[in-house]
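Data block for final.cif (mmCIF, N, CA and C atoms):
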```cif
data_my_file
loop_
_atom_site.label_atom_id
_atom_site.label_comp_id
_atom_site.auth_asym_id
_atom_site.auth_seq_id
_atom_site.Cartn_x
_atom_site.Cartn_y
_atom_site.Cartn_z
N MET A 1 -89.68 -57.91 -66.26
CA MET A 1 -89.83 -58.93 -67.27
C MET A 1 -88.46 -59.21 -67.89
N LYS A 2 -88.14 -60.47 -67.98
CA LYS A 2 -86.85 -60.89 -68.52
C LYS A 2 -87.02 -61.23 -70.00
N VAL A 3 -86.09 -60.72 -70.83
CA VAL A 3 -86.12 -60.97 -72.27
C VAL A 3 -84.96 -61.89 -72.61
N LEU A 4 -85.26 -62.95 -73.32
CA LEU A 4 -84.24 -63.90 -73.74
C LEU A 4 -84.01 -63.75 -75.23
N ASN A 5 -82.82 -63.35 -75.62
CA ASN A 5 -82.48 -63.18 -77.03
C ASN A 5 -81.88 -64.47 -77.57
N GLN A 6 -82.49 -65.00 -78.61
CA GLN A 6 -81.98 -66.19 -79.27
C GLN A 6 -81.97 -65.93 -80.77
N SER A 7 -80.95 -66.43 -81.42
CA SER A 7 -80.91 -66.30 -82.87
C SER A 7 -81.83 -67.34 -83.48
N ILE A 8 -82.41 -66.97 -84.60
CA ILE A 8 -83.32 -67.86 -85.32
C ILE A 8 -82.62 -68.29 -86.59
N GLN A 9 -82.58 -69.57 -86.82
CA GLN A 9 -81.96 -70.10 -88.03
C GLN A 9 -82.85 -69.79 -89.22
N LEU A 10 -82.30 -69.02 -90.19
CA LEU A 10 -83.07 -68.61 -91.35
C LEU A 10 -82.88 -69.54 -92.54
N SER A 11 -81.81 -70.26 -92.54
CA SER A 11 -81.57 -71.18 -93.65
C SER A 11 -80.97 -72.46 -93.09
N ASN A 12 -81.01 -73.48 -93.92
CA ASN A 12 -80.44 -74.76 -93.49
C ASN A 12 -78.93 -74.66 -93.46
N THR A 13 -78.35 -75.03 -92.37
CA THR A 13 -76.89 -75.05 -92.28
C THR A 13 -76.40 -76.46 -92.60
N THR A 14 -75.17 -76.52 -93.05
CA THR A 14 -74.59 -77.80 -93.40
C THR A 14 -74.19 -78.54 -92.13
N THR A 15 -74.64 -79.76 -92.03
CA THR A 15 -74.25 -80.58 -90.90
C THR A 15 -73.16 -81.54 -91.37
N ASP A 16 -72.52 -82.18 -90.43
CA ASP A 16 -71.47 -83.14 -90.78
C ASP A 16 -72.00 -84.27 -91.65
N GLU A 17 -73.26 -84.59 -91.49
CA GLU A 17 -73.84 -85.68 -92.28
C GLU A 17 -73.97 -85.30 -93.75
N ARG A 18 -74.10 -84.02 -94.06
CA ARG A 18 -74.35 -83.57 -95.42
C ARG A 18 -73.09 -82.97 -96.08
N ILE A 19 -71.95 -83.09 -95.45
CA ILE A 19 -70.74 -82.47 -95.97
C ILE A 19 -70.34 -83.05 -97.33
N VAL A 20 -70.55 -84.33 -97.53
CA VAL A 20 -70.20 -84.95 -98.82
C VAL A 20 -71.12 -84.43 -99.91
N LYS A 21 -72.42 -84.33 -99.61
CA LYS A 21 -73.36 -83.82 -100.60
C LYS A 21 -73.05 -82.36 -100.94
N THR A 22 -72.74 -81.57 -99.93
CA THR A 22 -72.41 -80.17 -100.16
C THR A 22 -71.14 -80.04 -101.00
N GLY A 23 -70.14 -80.84 -100.69
CA GLY A 23 -68.90 -80.82 -101.47
C GLY A 23 -69.13 -81.24 -102.91
N ALA A 24 -69.93 -82.27 -103.10
CA ALA A 24 -70.23 -82.74 -104.46
C ALA A 24 -71.00 -81.68 -105.23
N LEU A 25 -71.94 -81.03 -104.57
CA LEU A 25 -72.73 -79.99 -105.22
C LEU A 25 -71.84 -78.82 -105.64
N MET A 26 -70.94 -78.41 -104.78
CA MET A 26 -70.01 -77.34 -105.13
C MET A 26 -69.11 -77.75 -106.30
N PHE A 27 -68.64 -78.99 -106.28
CA PHE A 27 -67.78 -79.49 -107.36
C PHE A 27 -68.53 -79.50 -108.69
N PHE A 28 -69.76 -80.01 -108.68
CA PHE A 28 -70.53 -80.10 -109.92
C PHE A 28 -70.89 -78.72 -110.47
N ARG A 29 -71.18 -77.78 -109.59
CA ARG A 29 -71.46 -76.42 -110.05
C ARG A 29 -70.23 -75.80 -110.69
N ALA A 30 -69.08 -76.01 -110.07
CA ALA A 30 -67.82 -75.50 -110.63
C ALA A 30 -67.53 -76.16 -111.97
N LEU A 31 -67.77 -77.46 -112.06
CA LEU A 31 -67.55 -78.19 -113.31
C LEU A 31 -68.45 -77.67 -114.41
N ARG A 32 -69.71 -77.40 -114.09
CA ARG A 32 -70.63 -76.84 -115.10
C ARG A 32 -70.18 -75.45 -115.55
N THR A 33 -69.68 -74.65 -114.62
CA THR A 33 -69.20 -73.31 -114.98
C THR A 33 -68.01 -73.40 -115.92
N VAL A 34 -67.08 -74.29 -115.61
CA VAL A 34 -65.91 -74.49 -116.47
C VAL A 34 -66.35 -74.99 -117.84
N ALA A 35 -67.30 -75.90 -117.87
CA ALA A 35 -67.79 -76.42 -119.15
C ALA A 35 -68.46 -75.32 -119.98
N ASP A 36 -69.19 -74.43 -119.32
CA ASP A 36 -69.82 -73.32 -120.03
C ASP A 36 -68.76 -72.40 -120.65
N TYR A 37 -67.71 -72.08 -119.88
CA TYR A 37 -66.63 -71.25 -120.41
C TYR A 37 -65.90 -71.96 -121.54
N ALA A 38 -65.68 -73.26 -121.39
CA ALA A 38 -64.97 -74.02 -122.42
C ALA A 38 -65.77 -74.07 -123.73
N SER A 39 -67.09 -74.08 -123.62
CA SER A 39 -67.90 -74.11 -124.83
C SER A 39 -67.83 -72.79 -125.59
N GLN A 40 -67.41 -71.73 -124.93
CA GLN A 40 -67.29 -70.43 -125.58
C GLN A 40 -65.94 -70.25 -126.27
N ILE A 41 -64.98 -71.10 -126.00
CA ILE A 41 -63.63 -70.95 -126.56
C ILE A 41 -63.63 -71.00 -128.09
N PRO A 42 -64.35 -71.93 -128.75
CA PRO A 42 -64.33 -71.91 -130.22
C PRO A 42 -64.84 -70.60 -130.81
N GLU A 43 -65.87 -70.01 -130.20
CA GLU A 43 -66.38 -68.74 -130.70
C GLU A 43 -65.34 -67.64 -130.56
N VAL A 44 -64.66 -67.61 -129.42
CA VAL A 44 -63.64 -66.60 -129.17
C VAL A 44 -62.47 -66.81 -130.13
N ALA A 45 -62.07 -68.06 -130.33
CA ALA A 45 -60.95 -68.35 -131.23
C ALA A 45 -61.29 -67.96 -132.66
N THR A 46 -62.52 -68.22 -133.08
CA THR A 46 -62.94 -67.86 -134.43
C THR A 46 -62.92 -66.34 -134.61
N GLN A 47 -63.43 -65.62 -133.61
CA GLN A 47 -63.43 -64.16 -133.68
C GLN A 47 -62.00 -63.62 -133.68
N ALA A 48 -61.13 -64.21 -132.87
CA ALA A 48 -59.73 -63.77 -132.82
C ALA A 48 -59.05 -63.99 -134.16
N ALA A 49 -59.29 -65.15 -134.78
CA ALA A 49 -58.68 -65.44 -136.08
C ALA A 49 -59.17 -64.45 -137.13
N SER A 50 -60.44 -64.13 -137.08
CA SER A 50 -61.00 -63.16 -138.02
C SER A 50 -60.39 -61.78 -137.81
N ASP A 51 -60.25 -61.37 -136.56
CA ASP A 51 -59.67 -60.08 -136.25
C ASP A 51 -58.21 -60.01 -136.68
N ILE A 52 -57.48 -61.08 -136.47
CA ILE A 52 -56.07 -61.12 -136.87
C ILE A 52 -55.94 -61.03 -138.38
N ALA A 53 -56.78 -61.76 -139.11
CA ALA A 53 -56.74 -61.72 -140.57
C ALA A 53 -57.09 -60.33 -141.07
N SER A 54 -58.08 -59.71 -140.45
CA SER A 54 -58.46 -58.36 -140.85
C SER A 54 -57.35 -57.36 -140.57
N ALA A 55 -56.71 -57.48 -139.42
CA ALA A 55 -55.59 -56.59 -139.08
C ALA A 55 -54.43 -56.79 -140.04
N TRP A 56 -54.18 -58.03 -140.43
CA TRP A 56 -53.10 -58.31 -141.38
C TRP A 56 -53.36 -57.63 -142.71
N GLU A 57 -54.60 -57.71 -143.19
CA GLU A 57 -54.95 -57.07 -144.45
C GLU A 57 -54.81 -55.55 -144.33
N GLU A 58 -55.28 -55.00 -143.22
CA GLU A 58 -55.20 -53.54 -143.04
C GLU A 58 -53.76 -53.07 -142.93
N SER A 59 -52.89 -53.90 -142.38
CA SER A 59 -51.49 -53.49 -142.23
C SER A 59 -50.77 -53.42 -143.57
N SER A 60 -51.29 -54.11 -144.58
CA SER A 60 -50.63 -54.07 -145.89
C SER A 60 -50.98 -52.81 -146.69
N ARG A 61 -52.01 -52.11 -146.28
CA ARG A 61 -52.42 -50.88 -146.97
C ARG A 61 -51.56 -49.71 -146.48
N PRO A 62 -51.31 -48.77 -147.40
CA PRO A 62 -50.57 -47.58 -146.96
C PRO A 62 -51.43 -46.74 -146.01
N ASN A 63 -50.75 -46.03 -145.13
CA ASN A 63 -51.48 -45.18 -144.19
C ASN A 63 -52.21 -44.08 -144.94
N ALA A 64 -53.45 -43.88 -144.64
CA ALA A 64 -54.23 -42.85 -145.36
C ALA A 64 -54.29 -41.57 -144.57
#
```
Could you take the file, read its structure, and then write that structure out as structure tokens?
Amino acid sequence: MKVLNQSIQLSNTTTDERIVKTGALMFFRALRTVADYASQIPEVATQAASDIASAWEESSRPNA
């Protein structure tokens, strides 16, 4: 008995016809990720300013 081994496609592969859609999807996902990180910048900046102000106040006190 002869056995023929063939691979089975488990997921959709990108074809040349869908390359633009795939590229656009990757671009939009990256853009959303950057936008999410950018939205966190004000929170980080506020926390940094608070930490700097607190450190400044602590530096004016004599060492205990």
TODO: Rounded to one decimal place, report the atom C of Val34 of chain A-atom CA of Ile52 of chain A distance in Å.
DONE: 25.7 Å
Please extract the residues of chain A with a backbone DSSP assignment of alpha helix (DSSP H) and present them as a JSON list (two decimals) with N, CA and C atoms, keeping the file's coordinate frame.
```
[["chain", "number", "residue", "atom", "x", "y", "z"],
["A", 19, "ILE", "N", -71.95, -83.09, -95.45],
["A", 19, "ILE", "CA", -70.74, -82.47, -95.97],
["A", 19, "ILE", "C", -70.34, -83.05, -97.33],
["A", 20, "VAL", "N", -70.55, -84.33, -97.53],
["A", 20, "VAL", "CA", -70.20, -84.95, -98.82],
["A", 20, "VAL", "C", -71.12, -84.43, -99.91],
["A", 21, "LYS", "N", -72.42, -84.33, -99.61],
["A", 21, "LYS", "CA", -73.36, -83.82, -100.60],
["A", 21, "LYS", "C", -73.05, -82.36, -100.94],
["A", 22, "THR", "N", -72.74, -81.57, -99.93],
["A", 22, "THR", "CA", -72.41, -80.17, -100.16],
["A", 22, "THR", "C", -71.14, -80.04, -101.00],
["A", 23, "GLY", "N", -70.14, -80.84, -100.69],
["A", 23, "GLY", "CA", -68.90, -80.82, -101.47],
["A", 23, "GLY", "C", -69.13, -81.24, -102.91],
["A", 24, "ALA", "N", -69.93, -82.27, -103.10],
["A", 24, "ALA", "CA", -70.23, -82.74, -104.46],
["A", 24, "ALA", "C", -71.00, -81.68, -105.23],
["A", 25, "LEU", "N", -71.94, -81.03, -104.57],
["A", 25, "LEU", "CA", -72.73, -79.99, -105.22],
["A", 25, "LEU", "C", -71.84, -78.82, -105.64],
["A", 26, "MET", "N", -70.94, -78.41, -104.78],
["A", 26, "MET", "CA", -70.01, -77.34, -105.13],
["A", 26, "MET", "C", -69.11, -77.75, -106.30],
["A", 27, "PHE", "N", -68.64, -78.99, -106.28],
["A", 27, "PHE", "CA", -67.78, -79.49, -107.36],
["A", 27, "PHE", "C", -68.53, -79.50, -108.69],
["A", 28, "PHE", "N", -69.76, -80.01, -108.68],
["A", 28, "PHE", "CA", -70.53, -80.10, -109.92],
["A", 28, "PHE", "C", -70.89, -78.72, -110.47],
["A", 29, "ARG", "N", -71.18, -77.78, -109.59],
["A", 29, "ARG", "CA", -71.46, -76.42, -110.05],
["A", 29, "ARG", "C", -70.23, -75.80, -110.69],
["A", 30, "ALA", "N", -69.08, -76.01, -110.07],
["A", 30, "ALA", "CA", -67.82, -75.50, -110.63],
["A", 30, "ALA", "C", -67.53, -76.16, -111.97],
["A", 31, "LEU", "N", -67.77, -77.46, -112.06],
["A", 31, "LEU", "CA", -67.55, -78.19, -113.31],
["A", 31, "LEU", "C", -68.45, -77.67, -114.41],
["A", 32, "ARG", "N", -69.71, -77.40, -114.09],
["A", 32, "ARG", "CA", -70.63, -76.84, -115.10],
["A", 32, "ARG", "C", -70.18, -75.45, -115.55],
["A", 33, "THR", "N", -69.68, -74.65, -114.62],
["A", 33, "THR", "CA", -69.20, -73.31, -114.98],
["A", 33, "THR", "C", -68.01, -73.40, -115.92],
["A", 34, "VAL", "N", -67.08, -74.29, -115.61],
["A", 34, "VAL", "CA", -65.91, -74.49, -116.47],
["A", 34, "VAL", "C", -66.35, -74.99, -117.84],
["A", 35, "ALA", "N", -67.30, -75.90, -117.87],
["A", 35, "ALA", "CA", -67.79, -76.42, -119.15],
["A", 35, "ALA", "C", -68.46, -75.32, -119.98],
["A", 36, "ASP", "N", -69.19, -74.43, -119.32],
["A", 36, "ASP", "CA", -69.82, -73.32, -120.03],
["A", 36, "ASP", "C", -68.76, -72.40, -120.65],
["A", 37, "TYR", "N", -67.71, -72.08, -119.88],
["A", 37, "TYR", "CA", -66.63, -71.25, -120.41],
["A", 37, "TYR", "C", -65.90, -71.96, -121.54],
["A", 38, "ALA", "N", -65.68, -73.26, -121.39],
["A", 38, "ALA", "CA", -64.97, -74.02, -122.42],
["A", 38, "ALA", "C", -65.77, -74.07, -123.73],
["A", 39, "SER", "N", -67.09, -74.08, -123.62],
["A", 39, "SER", "CA", -67.90, -74.11, -124.83],
["A", 39, "SER", "C", -67.83, -72.79, -125.59],
["A", 40, "GLN", "N", -67.41, -71.73, -124.93],
["A", 40, "GLN", "CA", -67.29, -70.43, -125.58],
["A", 40, "GLN", "C", -65.94, -70.25, -126.27],
["A", 41, "ILE", "N", -64.98, -71.10, -126.00],
["A", 41, "ILE", "CA", -63.63, -70.95, -126.56],
["A", 41, "ILE", "C", -63.63, -71.00, -128.09],
["A", 42, "PRO", "N", -64.35, -71.93, -128.75],
["A", 42, "PRO", "CA", -64.33, -71.91, -130.22],
["A", 42, "PRO", "C", -64.84, -70.60, -130.81],
["A", 43, "GLU", "N", -65.87, -70.01, -130.20],
["A", 43, "GLU", "CA", -66.38, -68.74, -130.70],
["A", 43, "GLU", "C", -65.34, -67.64, -130.56],
["A", 44, "VAL", "N", -64.66, -67.61, -129.42],
["A", 44, "VAL", "CA", -63.64, -66.60, -129.17],
["A", 44, "VAL", "C", -62.47, -66.81, -130.13],
["A", 45, "ALA", "N", -62.07, -68.06, -130.33],
["A", 45, "ALA", "CA", -60.95, -68.35, -131.23],
["A", 45, "ALA", "C", -61.29, -67.96, -132.66],
["A", 46, "THR", "N", -62.52, -68.22, -133.08],
["A", 46, "THR", "CA", -62.94, -67.86, -134.43],
["A", 46, "THR", "C", -62.92, -66.34, -134.61],
["A", 47, "GLN", "N", -63.43, -65.62, -133.61],
["A", 47, "GLN", "CA", -63.43, -64.16, -133.68],
["A", 47, "GLN", "C", -62.00, -63.62, -133.68],
["A", 48, "ALA", "N", -61.13, -64.21, -132.87],
["A", 48, "ALA", "CA", -59.73, -63.77, -132.82],
["A", 48, "ALA", "C", -59.05, -63.99, -134.16],
["A", 49, "ALA", "N", -59.29, -65.15, -134.78],
["A", 49, "ALA", "CA", -58.68, -65.44, -136.08],
["A", 49, "ALA", "C", -59.17, -64.45, -137.13],
["A", 50, "SER", "N", -60.44, -64.13, -137.08],
["A", 50, "SER", "CA", -61.00, -63.16, -138.02],
["A", 50, "SER", "C", -60.39, -61.78, -137.81],
["A", 51, "ASP", "N", -60.25, -61.37, -136.56],
["A", 51, "ASP", "CA", -59.67, -60.08, -136.25],
["A", 51, "ASP", "C", -58.21, -60.01, -136.68],
["A", 52, "ILE", "N", -57.48, -61.08, -136.47],
["A", 52, "ILE", "CA", -56.07, -61.12, -136.87],
["A", 52, "ILE", "C", -55.94, -61.03, -138.38],
["A", 53, "ALA", "N", -56.78, -61.76, -139.11],
["A", 53, "ALA", "CA", -56.74, -61.72, -140.57],
["A", 53, "ALA", "C", -57.09, -60.33, -141.07],
["A", 54, "SER", "N", -58.08, -59.71, -140.45],
["A", 54, "SER", "CA", -58.46, -58.36, -140.85],
["A", 54, "SER", "C", -57.35, -57.36, -140.57],
["A", 55, "ALA", "N", -56.71, -57.48, -139.42],
["A", 55, "ALA", "CA", -55.59, -56.59, -139.08],
["A", 55, "ALA", "C", -54.43, -56.79, -140.04],
["A", 56, "TRP", "N", -54.18, -58.03, -140.43],
["A", 56, "TRP", "CA", -53.10, -58.31, -141.38],
["A", 56, "TRP", "C", -53.36, -57.63, -142.71],
["A", 57, "GLU", "N", -54.60, -57.71, -143.19],
["A", 57, "GLU", "CA", -54.95, -57.07, -144.45],
["A", 57, "GLU", "C", -54.81, -55.55, -144.33],
["A", 58, "GLU", "N", -55.28, -55.00, -143.22],
["A", 58, "GLU", "CA", -55.20, -53.54, -143.04],
["A", 58, "GLU", "C", -53.76, -53.07, -142.93],
["A", 59, "SER", "N", -52.89, -53.90, -142.38],
["A", 59, "SER", "CA", -51.49, -53.49, -142.23],
["A", 59, "SER", "C", -50.77, -53.42, -143.57],
["A", 60, "SER", "N", -51.29, -54.11, -144.58],
["A", 60, "SER", "CA", -50.63, -54.07, -145.89],
["A", 60, "SER", "C", -50.98, -52.81, -146.69]]
```
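Atom CA of Ser50 of chain A sits 22.5 Å away from atom CA of Asp36 of chain A.
From atom C of Leu10 of chain A back to atom N of Ala24 of chain A, the distance works out to 21.0 Å.
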Box for segment 25-32 of chain A - axis-aligned, 3 Å on each of the six sides, all listed atoms - centre and size in Å to one decimal, as lines of an AutoDock Vina configuration file.
```
center_x = -70.1
center_y = -78.2
center_z = -110.1
size_x = 11.2
size_y = 11.6
size_z = 17.0
```
Can you rebuild segment 22-33 of chain A with all heavy atoms and give it as a PDB file, in the coordinates of the input?
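selection_15.pdb written:
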```
ATOM      1  N   THR A  22     -72.740 -81.570 -99.930  1.00  0.00           N
ATOM      2  CA  THR A  22     -72.410 -80.170-100.160  1.00  0.00           C
ATOM      3  C   THR A  22     -71.140 -80.040-101.000  1.00  0.00           C
ATOM      4  O   THR A  22     -71.091 -79.239-101.931  1.00  0.00           O
ATOM      5  CB  THR A  22     -72.234 -79.440 -98.815  1.00  0.00           C
ATOM      6  OG1 THR A  22     -73.435 -79.568 -98.068  1.00  0.00           O
ATOM      7  CG2 THR A  22     -71.921 -77.981 -99.026  1.00  0.00           C
ATOM      8  N   GLY A  23     -70.140 -80.840-100.690  1.00  0.00           N
ATOM      9  CA  GLY A  23     -68.900 -80.820-101.470  1.00  0.00           C
ATOM     10  C   GLY A  23     -69.130 -81.240-102.910  1.00  0.00           C
ATOM     11  O   GLY A  23     -68.602 -80.629-103.837  1.00  0.00           O
ATOM     12  N   ALA A  24     -69.930 -82.270-103.100  1.00  0.00           N
ATOM     13  CA  ALA A  24     -70.230 -82.740-104.460  1.00  0.00           C
ATOM     14  C   ALA A  24     -71.000 -81.680-105.230  1.00  0.00           C
ATOM     15  O   ALA A  24     -70.737 -81.444-106.412  1.00  0.00           O
ATOM     16  CB  ALA A  24     -71.018 -84.039-104.396  1.00  0.00           C
ATOM     17  N   LEU A  25     -71.940 -81.030-104.570  1.00  0.00           N
ATOM     18  CA  LEU A  25     -72.730 -79.990-105.220  1.00  0.00           C
ATOM     19  C   LEU A  25     -71.840 -78.820-105.640  1.00  0.00           C
ATOM     20  O   LEU A  25     -71.962 -78.328-106.774  1.00  0.00           O
ATOM     21  CB  LEU A  25     -73.834 -79.502-104.266  1.00  0.00           C
ATOM     22  CG  LEU A  25     -74.806 -78.472-104.805  1.00  0.00           C
ATOM     23  CD1 LEU A  25     -75.550 -79.010-106.025  1.00  0.00           C
ATOM     24  CD2 LEU A  25     -75.796 -78.080-103.724  1.00  0.00           C
ATOM     25  N   MET A  26     -70.940 -78.410-104.780  1.00  0.00           N
ATOM     26  CA  MET A  26     -70.010 -77.340-105.130  1.00  0.00           C
ATOM     27  C   MET A  26     -69.110 -77.750-106.300  1.00  0.00           C
ATOM     28  O   MET A  26     -68.871 -76.961-107.219  1.00  0.00           O
ATOM     29  CB  MET A  26     -69.173 -76.962-103.918  1.00  0.00           C
ATOM     30  CG  MET A  26     -69.951 -76.250-102.837  1.00  0.00           C
ATOM     31  SD  MET A  26     -69.059 -76.017-101.292  1.00  0.00           S
ATOM     32  CE  MET A  26     -67.562 -75.249-101.823  1.00  0.00           C
ATOM     33  N   PHE A  27     -68.640 -78.990-106.280  1.00  0.00           N
ATOM     34  CA  PHE A  27     -67.780 -79.490-107.360  1.00  0.00           C
ATOM     35  C   PHE A  27     -68.530 -79.500-108.690  1.00  0.00           C
ATOM     36  O   PHE A  27     -67.999 -79.060-109.715  1.00  0.00           O
ATOM     37  CB  PHE A  27     -67.273 -80.889-107.014  1.00  0.00           C
ATOM     38  CG  PHE A  27     -66.523 -81.540-108.142  1.00  0.00           C
ATOM     39  CD1 PHE A  27     -65.237 -81.140-108.453  1.00  0.00           C
ATOM     40  CD2 PHE A  27     -67.113 -82.543-108.896  1.00  0.00           C
ATOM     41  CE1 PHE A  27     -64.545 -81.735-109.498  1.00  0.00           C
ATOM     42  CE2 PHE A  27     -66.437 -83.131-109.943  1.00  0.00           C
ATOM     43  CZ  PHE A  27     -65.144 -82.727-110.246  1.00  0.00           C
ATOM     44  N   PHE A  28     -69.760 -80.010-108.680  1.00  0.00           N
ATOM     45  CA  PHE A  28     -70.530 -80.100-109.920  1.00  0.00           C
ATOM     46  C   PHE A  28     -70.890 -78.720-110.470  1.00  0.00           C
ATOM     47  O   PHE A  28     -70.890 -78.508-111.687  1.00  0.00           O
ATOM     48  CB  PHE A  28     -71.784 -80.950-109.730  1.00  0.00           C
ATOM     49  CG  PHE A  28     -71.477 -82.411-109.495  1.00  0.00           C
ATOM     50  CD1 PHE A  28     -72.193 -83.140-108.563  1.00  0.00           C
ATOM     51  CD2 PHE A  28     -70.479 -83.053-110.197  1.00  0.00           C
ATOM     52  CE1 PHE A  28     -71.921 -84.476-108.350  1.00  0.00           C
ATOM     53  CE2 PHE A  28     -70.193 -84.391-109.985  1.00  0.00           C
ATOM     54  CZ  PHE A  28     -70.916 -85.102-109.054  1.00  0.00           C
ATOM     55  N   ARG A  29     -71.180 -77.780-109.590  1.00  0.00           N
ATOM     56  CA  ARG A  29     -71.460 -76.420-110.050  1.00  0.00           C
ATOM     57  C   ARG A  29     -70.230 -75.800-110.690  1.00  0.00           C
ATOM     58  O   ARG A  29     -70.311 -75.143-111.727  1.00  0.00           O
ATOM     59  CB  ARG A  29     -71.961 -75.560-108.897  1.00  0.00           C
ATOM     60  CG  ARG A  29     -73.391 -75.869-108.526  1.00  0.00           C
ATOM     61  CD  ARG A  29     -73.890 -74.980-107.420  1.00  0.00           C
ATOM     62  NE  ARG A  29     -75.286 -75.283-107.120  1.00  0.00           N
ATOM     63  CZ  ARG A  29     -75.878 -75.013-105.983  1.00  0.00           C
ATOM     64  NH1 ARG A  29     -75.200 -74.430-105.003  1.00  0.00           N
ATOM     65  NH2 ARG A  29     -77.145 -75.314-105.798  1.00  0.00           N
ATOM     66  N   ALA A  30     -69.080 -76.010-110.070  1.00  0.00           N
ATOM     67  CA  ALA A  30     -67.820 -75.500-110.630  1.00  0.00           C
ATOM     68  C   ALA A  30     -67.530 -76.160-111.970  1.00  0.00           C
ATOM     69  O   ALA A  30     -67.100 -75.509-112.924  1.00  0.00           O
ATOM     70  CB  ALA A  30     -66.676 -75.739-109.658  1.00  0.00           C
ATOM     71  N   LEU A  31     -67.770 -77.460-112.060  1.00  0.00           N
ATOM     72  CA  LEU A  31     -67.550 -78.190-113.310  1.00  0.00           C
ATOM     73  C   LEU A  31     -68.450 -77.670-114.410  1.00  0.00           C
ATOM     74  O   LEU A  31     -68.009 -77.490-115.556  1.00  0.00           O
ATOM     75  CB  LEU A  31     -67.790 -79.688-113.083  1.00  0.00           C
ATOM     76  CG  LEU A  31     -67.408 -80.626-114.210  1.00  0.00           C
ATOM     77  CD1 LEU A  31     -65.920 -80.541-114.502  1.00  0.00           C
ATOM     78  CD2 LEU A  31     -67.791 -82.049-113.846  1.00  0.00           C
ATOM     79  N   ARG A  32     -69.710 -77.400-114.090  1.00  0.00           N
ATOM     80  CA  ARG A  32     -70.630 -76.840-115.100  1.00  0.00           C
ATOM     81  C   ARG A  32     -70.180 -75.450-115.550  1.00  0.00           C
ATOM     82  O   ARG A  32     -70.276 -75.116-116.733  1.00  0.00           O
ATOM     83  CB  ARG A  32     -72.047 -76.766-114.551  1.00  0.00           C
ATOM     84  CG  ARG A  32     -72.722 -78.109-114.442  1.00  0.00           C
ATOM     85  CD  ARG A  32     -74.150 -77.948-113.934  1.00  0.00           C
ATOM     86  NE  ARG A  32     -74.743 -79.220-113.624  1.00  0.00           N
ATOM     87  CZ  ARG A  32     -75.377 -79.978-114.492  1.00  0.00           C
ATOM     88  NH1 ARG A  32     -75.503 -79.579-115.735  1.00  0.00           N
ATOM     89  NH2 ARG A  32     -75.900 -81.129-114.120  1.00  0.00           N
ATOM     90  N   THR A  33     -69.680 -74.650-114.620  1.00  0.00           N
ATOM     91  CA  THR A  33     -69.200 -73.310-114.980  1.00  0.00           C
ATOM     92  C   THR A  33     -68.010 -73.400-115.920  1.00  0.00           C
ATOM     93  O   THR A  33     -67.938 -72.692-116.927  1.00  0.00           O
ATOM     94  CB  THR A  33     -68.823 -72.528-113.707  1.00  0.00           C
ATOM     95  OG1 THR A  33     -69.977 -72.434-112.867  1.00  0.00           O
ATOM     96  CG2 THR A  33     -68.321 -71.143-114.036  1.00  0.00           C
TER      97      THR A  33
END
```
